[in-house]
Amino acid sequence: MLDKRCYSCKLTKLVTEFYKNKSTSDGYQGSCKTCKSTEVTAFKAANRETVRQGQRRAYLELSPEKKAARLSKQKLWRANNQDKVIANRKKCVKPQVIKPVFNPLLSMPVMR
């Protein structure tokens, strides 16, 4: 079997376009990788809080050794990718707005 029909988009595609699934008769998911990705993205957008709760619960259930290993891996990545870290910080930081402040001793506002 080299071809399979996706039940979502109704297109016939190669089996390499499908994720494997041992519980099905042919060993592949019913929807192709593209459709599955779209489905997962839509689900995560619609159920954002539920997904975040699941992620939090999974993190809290990690053993202390796995948490330490994860943190050390993150620190190593940050050390090796300083340019990406700095670029991401620049995207996240809001620019400060300079507001004029009125000084009663001066006849005009002072920029701070």
# chains A, B, ... in the order shown; residues from 1 in each chain; ligands from 1
>>> select_by_dssp(residues="stretch 8-46 of chain A", states="helix (DSSP H, G or I)", output="number ranges by chain")
A: 15-17, 33-46
>>> select_by_dssp(residues="chain A", states="strand (DSSP E)", output="list in words")
Asp3, Lys4, Arg5, Thr12, Lys13, Leu14, Phe18, Tyr19, Lys20, Tyr28, Gln29, Gly30, Ser31, Cys32, Pro100, Val101, Val110 and Met111 of chain A
>>> write_last_selection(atoms="all heavy atoms", output="CSV table (one decimal), in the first residue's frame")
chain,number,residue,atom,x,y,z
A,3,ASP,N,-0.4,4.3,-1.3
A,3,ASP,CA,-1.3,5.5,-1.3
A,3,ASP,C,-2.4,5.3,-0.2
A,3,ASP,O,-2.8,4.2,0.1
A,3,ASP,CB,-2.0,5.7,-2.6
A,3,ASP,CG,-1.0,6.0,-3.8
A,3,ASP,OD1,0.0,6.5,-3.4
A,3,ASP,OD2,-1.4,5.8,-4.9
A,4,LYS,N,-2.8,6.4,0.3
A,4,LYS,CA,-3.9,6.4,1.3
A,4,LYS,C,-4.7,7.7,1.1
A,4,LYS,O,-4.2,8.8,0.7
A,4,LYS,CB,-3.3,6.4,2.7
A,4,LYS,CG,-4.3,6.4,3.8
A,4,LYS,CD,-3.6,6.2,5.1
A,4,LYS,CE,-4.6,6.4,6.3
A,4,LYS,NZ,-5.4,5.2,6.5
A,5,ARG,N,-6.0,7.7,1.4
A,5,ARG,CA,-6.9,8.8,1.2
A,5,ARG,C,-7.1,9.5,2.6
A,5,ARG,O,-7.5,8.8,3.5
A,5,ARG,CB,-8.2,8.4,0.6
A,5,ARG,CG,-9.1,9.6,0.3
A,5,ARG,CD,-10.3,9.2,-0.5
A,5,ARG,NE,-11.0,10.4,-0.8
A,5,ARG,CZ,-12.3,10.4,-1.2
A,5,ARG,NH1,-12.9,9.3,-1.3
A,5,ARG,NH2,-12.9,11.5,-1.4
A,12,THR,N,-5.8,11.8,-2.2
A,12,THR,CA,-5.0,10.6,-2.1
A,12,THR,C,-3.6,11.0,-2.1
A,12,THR,O,-3.1,11.7,-3.0
A,12,THR,CB,-5.3,9.7,-3.3
A,12,THR,OG1,-6.7,9.4,-3.3
A,12,THR,CG2,-4.5,8.4,-3.1
A,13,LYS,N,-2.9,10.6,-1.0
A,13,LYS,CA,-1.5,10.9,-0.9
A,13,LYS,C,-0.6,9.7,-0.5
A,13,LYS,O,-1.2,8.6,-0.2
A,13,LYS,CB,-1.3,11.9,0.3
A,13,LYS,CG,-2.1,13.2,0.1
A,13,LYS,CD,-1.8,14.2,1.2
A,13,LYS,CE,-2.5,15.5,1.0
A,13,LYS,NZ,-2.2,16.5,2.0
A,14,LEU,N,0.7,9.8,-0.6
A,14,LEU,CA,1.6,8.8,-0.3
A,14,LEU,C,1.5,8.5,1.2
A,14,LEU,O,1.2,9.4,2.0
A,14,LEU,CB,3.0,9.1,-0.6
A,14,LEU,CG,3.3,9.2,-2.1
A,14,LEU,CD1,4.7,9.7,-2.3
A,14,LEU,CD2,3.1,7.9,-2.8
A,18,PHE,N,1.5,10.6,6.1
A,18,PHE,CA,0.6,10.3,7.2
A,18,PHE,C,1.5,9.9,8.4
A,18,PHE,O,2.5,9.3,8.2
A,18,PHE,CB,-0.4,9.2,6.9
A,18,PHE,CG,-1.4,9.5,5.8
A,18,PHE,CD1,-1.1,9.4,4.5
A,18,PHE,CD2,-2.6,9.9,6.2
A,18,PHE,CE1,-2.0,9.7,3.5
A,18,PHE,CE2,-3.6,10.2,5.2
A,18,PHE,CZ,-3.3,10.1,3.9
A,19,TYR,N,1.0,10.3,9.6
A,19,TYR,CA,1.7,9.8,10.8
A,19,TYR,C,1.4,8.4,11.1
A,19,TYR,O,0.3,7.9,10.7
A,19,TYR,CB,1.3,10.6,12.0
A,19,TYR,CG,1.8,12.1,12.0
A,19,TYR,CD1,0.9,13.1,11.9
A,19,TYR,CD2,3.1,12.3,12.2
A,19,TYR,CE1,1.4,14.4,11.8
A,19,TYR,CE2,3.6,13.6,12.1
A,19,TYR,CZ,2.7,14.7,12.0
A,19,TYR,OH,3.2,16.0,12.0
A,20,LYS,N,2.3,7.6,11.7
A,20,LYS,CA,2.1,6.2,12.0
A,20,LYS,C,1.1,6.1,13.2
A,20,LYS,O,1.1,6.9,14.1
A,20,LYS,CB,3.4,5.5,12.3
A,20,LYS,CG,4.2,5.4,11.0
A,20,LYS,CD,5.5,4.6,11.3
A,20,LYS,CE,6.3,4.5,10.0
A,20,LYS,NZ,7.5,3.6,10.1
A,28,TYR,N,-1.5,3.7,9.9
A,28,TYR,CA,-1.3,5.1,9.7
A,28,TYR,C,-2.5,5.9,10.2
A,28,TYR,O,-3.7,5.3,10.2
A,28,TYR,CB,-1.1,5.4,8.2
A,28,TYR,CG,0.3,4.9,7.7
A,28,TYR,CD1,0.3,3.6,7.1
A,28,TYR,CD2,1.4,5.6,7.9
A,28,TYR,CE1,1.5,3.1,6.6
A,28,TYR,CE2,2.6,5.1,7.5
A,28,TYR,CZ,2.7,3.8,6.8
A,28,TYR,OH,3.9,3.3,6.4
A,29,GLN,N,-2.4,7.1,10.5
A,29,GLN,CA,-3.5,8.0,10.9
A,29,GLN,C,-4.5,8.1,9.8
A,29,GLN,O,-4.1,7.9,8.6
A,29,GLN,CB,-3.0,9.4,11.3
A,29,GLN,CG,-2.2,9.4,12.6
A,29,GLN,CD,-3.1,9.5,13.8
A,29,GLN,OE1,-4.3,9.4,13.7
A,29,GLN,NE2,-2.4,9.7,15.0
A,30,GLY,N,-5.7,8.5,10.1
A,30,GLY,CA,-6.7,8.7,9.0
A,30,GLY,C,-6.5,10.1,8.3
A,30,GLY,O,-6.9,10.2,7.1
A,31,SER,N,-5.9,11.1,9.0
A,31,SER,CA,-5.7,12.3,8.3
A,31,SER,C,-4.2,12.6,8.0
A,31,SER,O,-3.4,12.1,8.8
A,31,SER,CB,-6.3,13.5,9.1
A,31,SER,OG,-5.6,13.5,10.4
A,32,CYS,N,-3.9,13.3,7.0
A,32,CYS,CA,-2.6,13.5,6.6
A,32,CYS,C,-1.9,14.5,7.6
A,32,CYS,O,-2.5,15.1,8.4
A,32,CYS,CB,-2.5,14.1,5.1
A,32,CYS,SG,-3.2,15.7,4.9
A,100,PRO,N,5.9,64.6,28.5
A,100,PRO,CA,6.3,65.9,29.1
A,100,PRO,C,5.8,66.1,30.5
A,100,PRO,O,4.6,65.7,30.8
A,100,PRO,CB,5.7,66.9,28.1
A,100,PRO,CG,4.7,66.1,27.4
A,100,PRO,CD,5.0,64.7,27.4
A,101,VAL,N,6.6,66.6,31.4
A,101,VAL,CA,6.1,66.9,32.7
A,101,VAL,C,6.1,68.4,33.0
A,101,VAL,O,7.1,69.1,32.6
A,101,VAL,CB,7.1,66.2,33.7
A,101,VAL,CG1,6.7,66.5,35.2
A,101,VAL,CG2,7.1,64.7,33.5
A,110,VAL,N,8.9,70.1,30.8
A,110,VAL,CA,10.3,69.5,30.7
A,110,VAL,C,10.1,68.0,30.3
A,110,VAL,O,9.3,67.3,30.8
A,110,VAL,CB,11.0,69.6,32.1
A,110,VAL,CG1,12.3,68.9,32.1
A,110,VAL,CG2,11.1,71.0,32.6
A,111,MET,N,11.0,67.6,29.4
A,111,MET,CA,10.9,66.2,28.9
A,111,MET,C,11.7,65.4,29.8
A,111,MET,O,12.8,65.7,30.2
A,111,MET,CB,11.5,66.1,27.5
A,111,MET,CG,10.8,67.0,26.4
A,111,MET,SD,9.1,66.5,26.3
A,111,MET,CE,9.2,65.1,25.2
>>> closest_residue(among="A:Asn88, A:Ser63, A:Thr38, A:Gln74", to="A:Cys9", atoms="only C-alpha atoms")
A:Thr38
